[in-house]
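What's in start-v1.csv: CSV, C-alpha atoms
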chain,number,residue,atom,x,y,z
A,1,MET,CA,-29.0,-34.9,14.0
A,2,SER,CA,-28.1,-34.7,10.2
A,3,THR,CA,-25.5,-32.6,8.5
A,4,LEU,CA,-25.7,-31.4,4.9
A,5,LYS,CA,-22.4,-30.6,3.2
A,6,VAL,CA,-22.0,-29.3,-0.3
A,7,ASN,CA,-19.3,-27.6,-2.3
A,8,THR,CA,-21.6,-25.2,-4.3
A,9,LEU,CA,-25.3,-24.6,-4.8
A,10,GLN,CA,-26.4,-24.2,-8.4
A,11,ASN,CA,-29.6,-23.2,-10.1
A,12,THR,CA,-31.1,-25.5,-12.8
A,13,SER,CA,-28.9,-23.9,-15.5
A,14,GLY,CA,-25.8,-24.9,-13.5
A,15,THR,CA,-24.9,-21.3,-12.4
A,16,ALA,CA,-23.6,-21.1,-8.9
A,17,TYR,CA,-25.6,-19.2,-6.2
A,18,ASP,CA,-23.0,-16.6,-5.2
A,19,PHE,CA,-25.0,-13.7,-3.8
A,20,VAL,CA,-22.6,-12.3,-1.3
A,21,LYS,CA,-19.1,-12.1,-2.8
A,22,GLN,CA,-17.2,-10.4,0.1
A,23,VAL,CA,-17.8,-8.6,3.4
A,24,VAL,CA,-15.5,-5.9,4.9
A,25,GLN,CA,-16.1,-4.2,8.2
A,26,ALA,CA,-14.4,-1.4,10.3
A,27,THR,CA,-15.2,-1.2,14.0
A,28,LYS,CA,-14.5,1.9,16.0
A,29,THR,CA,-14.2,1.4,19.8
A,30,ASP,CA,-12.5,4.7,20.6
A,31,THR,CA,-14.1,8.1,20.7
A,32,PHE,CA,-14.3,11.0,18.4
A,33,SER,CA,-15.5,14.6,18.7
A,34,THR,CA,-16.0,17.6,16.5
A,35,THR,CA,-17.1,21.2,16.8
A,36,SER,CA,-17.1,21.6,13.0
A,37,THR,CA,-20.2,22.9,11.3
A,38,SER,CA,-18.9,21.3,8.1
A,39,PHE,CA,-19.0,17.5,7.6
A,40,THR,CA,-15.7,16.0,8.9
A,41,ASP,CA,-14.4,12.5,8.6
A,42,VAL,CA,-15.0,10.3,11.7
A,43,THR,CA,-11.7,8.6,12.2
A,44,GLY,CA,-11.9,4.8,12.1
A,45,LEU,CA,-15.3,4.7,10.2
A,46,SER,CA,-13.9,4.1,6.7
A,47,VAL,CA,-13.8,0.9,4.8
A,48,SER,CA,-12.6,-0.1,1.2
A,49,ILE,CA,-13.9,-2.8,-1.0
A,50,THR,CA,-13.0,-3.8,-4.6
A,51,PRO,CA,-16.0,-5.1,-6.5
A,52,SER,CA,-15.5,-8.1,-8.7
A,53,SER,CA,-17.9,-6.9,-11.3
A,54,THR,CA,-19.2,-3.6,-12.5
A,55,SER,CA,-22.8,-5.0,-12.1
A,56,SER,CA,-22.2,-5.7,-8.4
A,57,LYS,CA,-24.1,-3.8,-5.8
A,58,ILE,CA,-22.6,-2.8,-2.5
A,59,LEU,CA,-24.7,-3.0,0.6
A,60,VAL,CA,-23.5,-0.4,3.1
A,61,LEU,CA,-24.6,-0.9,6.8
A,62,PHE,CA,-23.5,1.5,9.5
A,63,ASN,CA,-24.3,2.0,13.1
A,64,VAL,CA,-23.0,5.1,14.9
A,65,SER,CA,-23.4,5.9,18.6
A,66,ALA,CA,-23.4,9.6,19.3
A,67,SER,CA,-24.2,12.4,21.8
A,68,SER,CA,-23.8,16.2,21.9
A,69,THR,CA,-23.5,19.0,24.3
A,70,SER,CA,-26.7,20.7,25.4
A,71,SER,CA,-28.9,18.4,23.4
A,72,ALA,CA,-27.7,20.1,20.2
A,73,SER,CA,-28.1,18.6,16.7
A,74,VAL,CA,-25.7,16.0,15.2
A,75,ALA,CA,-25.7,15.0,11.6
A,76,PHE,CA,-23.9,12.2,9.7
A,77,THR,CA,-23.4,11.6,6.0
A,78,LEU,CA,-22.3,8.6,4.0
A,79,LEU,CA,-19.7,9.1,1.3
A,80,ARG,CA,-18.4,6.9,-1.5
A,81,GLY,CA,-14.9,8.4,-2.0
A,82,SER,CA,-15.5,12.2,-1.8
A,83,THR,CA,-19.1,12.0,-3.0
A,84,GLU,CA,-22.0,12.2,-0.6
A,85,ILE,CA,-24.5,9.4,-1.3
A,86,PHE,CA,-27.8,8.6,0.3
A,87,ILE,CA,-28.6,12.1,1.6
A,88,GLY,CA,-31.8,14.1,1.7
A,89,ASP,CA,-32.9,16.5,-1.0
A,90,ALA,CA,-31.9,20.2,-0.9
A,91,ALA,CA,-34.5,22.4,0.7
A,92,SER,CA,-33.6,26.1,1.5
A,93,SER,CA,-31.0,26.2,4.3
A,94,ARG,CA,-31.7,22.7,5.7
A,95,THR,CA,-28.8,20.4,6.2
A,96,ARG,CA,-28.6,17.5,3.7
A,97,ALA,CA,-27.6,14.4,5.7
A,98,THR,CA,-27.9,10.6,5.8
A,99,THR,CA,-29.0,10.5,9.4
A,100,GLY,CA,-28.9,12.6,12.6
A,101,SER,CA,-31.0,14.2,15.3
A,102,HIS,CA,-32.2,17.7,15.9
A,103,SER,CA,-31.8,17.1,19.7
A,104,CYS,CA,-29.1,14.5,20.4
A,105,ARG,CA,-28.8,13.0,23.9
A,106,VAL,CA,-26.4,14.4,26.4
A,107,HIS,CA,-26.3,11.9,29.3
A,108,GLY,CA,-26.8,8.9,27.0
A,109,ASN,CA,-26.0,7.7,23.5
A,110,SER,CA,-28.3,8.0,20.5
A,111,ASN,CA,-27.8,5.2,18.0
A,112,PHE,CA,-28.1,5.9,14.3
A,113,ALA,CA,-28.4,2.8,12.0
A,114,VAL,CA,-28.4,3.1,8.2
A,115,GLN,CA,-28.7,0.5,5.3
A,116,PHE,CA,-28.1,1.6,1.7
A,117,LEU,CA,-27.6,-0.4,-1.5
A,118,ASP,CA,-25.1,1.4,-3.7
A,119,SER,CA,-24.3,0.8,-7.4
A,120,PRO,CA,-20.7,2.0,-7.8
A,121,SER,CA,-20.4,0.5,-11.4
A,122,THR,CA,-16.6,-0.1,-11.1
A,123,THR,CA,-14.1,-2.9,-10.4
A,124,SER,CA,-11.7,-0.4,-8.8
A,125,SER,CA,-11.3,0.0,-5.1
A,126,VAL,CA,-14.1,2.0,-3.5
A,127,THR,CA,-13.9,3.7,-0.1
A,128,TYR,CA,-17.0,4.3,2.0
A,129,LYS,CA,-16.8,6.6,5.0
A,130,ILE,CA,-18.9,8.4,7.6
A,131,GLN,CA,-18.6,12.1,8.3
A,132,ALA,CA,-20.1,14.0,11.3
A,133,GLN,CA,-21.3,17.6,11.7
A,134,ALA,CA,-22.0,19.5,14.9
A,135,GLN,CA,-24.4,22.3,15.5
A,136,SER,CA,-22.7,25.7,15.6
A,137,GLY,CA,-21.3,26.4,19.1
A,138,PHE,CA,-21.7,22.8,20.3
A,139,THR,CA,-19.7,19.6,20.2
A,140,ALA,CA,-20.7,16.3,18.6
A,141,PHE,CA,-19.3,13.0,20.1
A,142,VAL,CA,-19.1,9.5,18.7
A,143,GLY,CA,-18.7,6.5,21.1
A,144,ARG,CA,-19.3,8.4,24.3
A,145,THR,CA,-21.7,10.5,26.2
A,146,SER,CA,-21.1,14.3,26.2
A,147,ASP,CA,-20.5,14.6,29.9
A,148,ASP,CA,-18.4,11.3,30.0
A,149,ASN,CA,-18.2,11.2,33.8
A,150,ASN,CA,-16.1,8.4,35.3
A,151,SER,CA,-19.1,6.4,36.5
A,152,VAL,CA,-20.8,3.2,35.5
A,153,GLN,CA,-23.9,4.8,34.0
A,154,TYR,CA,-21.8,6.7,31.4
A,155,LEU,CA,-21.3,4.5,28.3
A,156,ARG,CA,-18.5,3.9,25.8
A,157,VAL,CA,-20.2,2.3,22.8
A,158,PRO,CA,-18.6,1.0,19.5
A,159,SER,CA,-19.6,2.1,16.0
A,160,THR,CA,-19.3,0.1,12.8
A,161,ILE,CA,-19.4,0.4,9.1
A,162,THR,CA,-19.9,-2.8,7.0
A,163,VAL,CA,-19.9,-3.2,3.2
A,164,MET,CA,-21.0,-6.3,1.3
A,165,GLU,CA,-20.5,-7.0,-2.4
A,166,VAL,CA,-23.8,-8.5,-3.6
A,167,ALA,CA,-24.0,-10.1,-7.1
A,168,ALA,CA,-26.5,-8.4,-9.4

Output the file's structure in the form of structure tokens.
Amino acid sequence: MSTLKVNTLQNTSGTAYDFVKQVVQATKTDTFSTTSTSFTDVTGLSVSITPSSTSSKILVLFNVSASSTSSASVAFTLLRGSTEIFIGDAASSRTRATTGSHSCRVHGNSNFAVQFLDSPSTTSSVTYKIQAQAQSGFTAFVGRTSDDNNSVQYLRVPSTITVMEVAA
């Protein structure tokens, strides 16, 4: 078996290949619930990164495990600071969200995975976070089933948000 070891890789002009500059991740292993019909911060699903260049892109990856009472809808939105990013267009009274489900699972978890390449155009610290919204009169849960009985078939599942600075 051979091993190749190098200090840096460079293109023919001598510029180093430095595509991923940094990676930051937050992992949520506890649970969260909300009855709010307005988007609310999901505790533990927030991460900050300081881009090294204004031309850098930030690749945001998140995976949220959720359920709701009575198969009600659950919606999630991605924010940079206090600004919603990567949400659907406005259309009458429809909810603008990053992901979600009209009929989320009760006895199991639904997984919502999102990838988005953002262009924050700054070298200041940027915070990305996830917010959740429940359907009126129902409860949305993150990291657990809605009934959450003390039995082996009811799951506790982690959620993550990962950000990567990518050189442009």

Inset, instruction - For A:Ala113, list every protein, DNA or RNA residue within 10 Å, evaluated using all atoms listed in the file, and leave out those in the same chain fewer than 2 positions away; present the list as a PyMOL selection string. - result: chain A and resi 61-65+98-100+110-111+115+159-161

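Closest approach to A:Val142 from the set A:Phe32, A:Phe112, A:Phe86, A:Phe76 is made by A:Phe32, with distances taken over only C-alpha atoms.
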
Legend entry - Option closest in space to A:Asp148, from A:Thr162, A:Thr31, A:Ser38, A:Thr83 [counting only C-alpha atoms]: A:Thr31

Inset, instruction - Go through A:Pro158, A:Arg144, A:Glu165, A:Ser103 one by one, measure the shortest atom-to-atom distance of each to A:Val74 using only C-alpha atoms, and give the residue with the smallest value. - result: A:Ser103

Legend entry - Counting all atoms listed in the file, the residue of A:Tyr154, A:Tyr128, A:Phe19, A:Phe39 that sits nearest A:Asn109: A:Tyr154
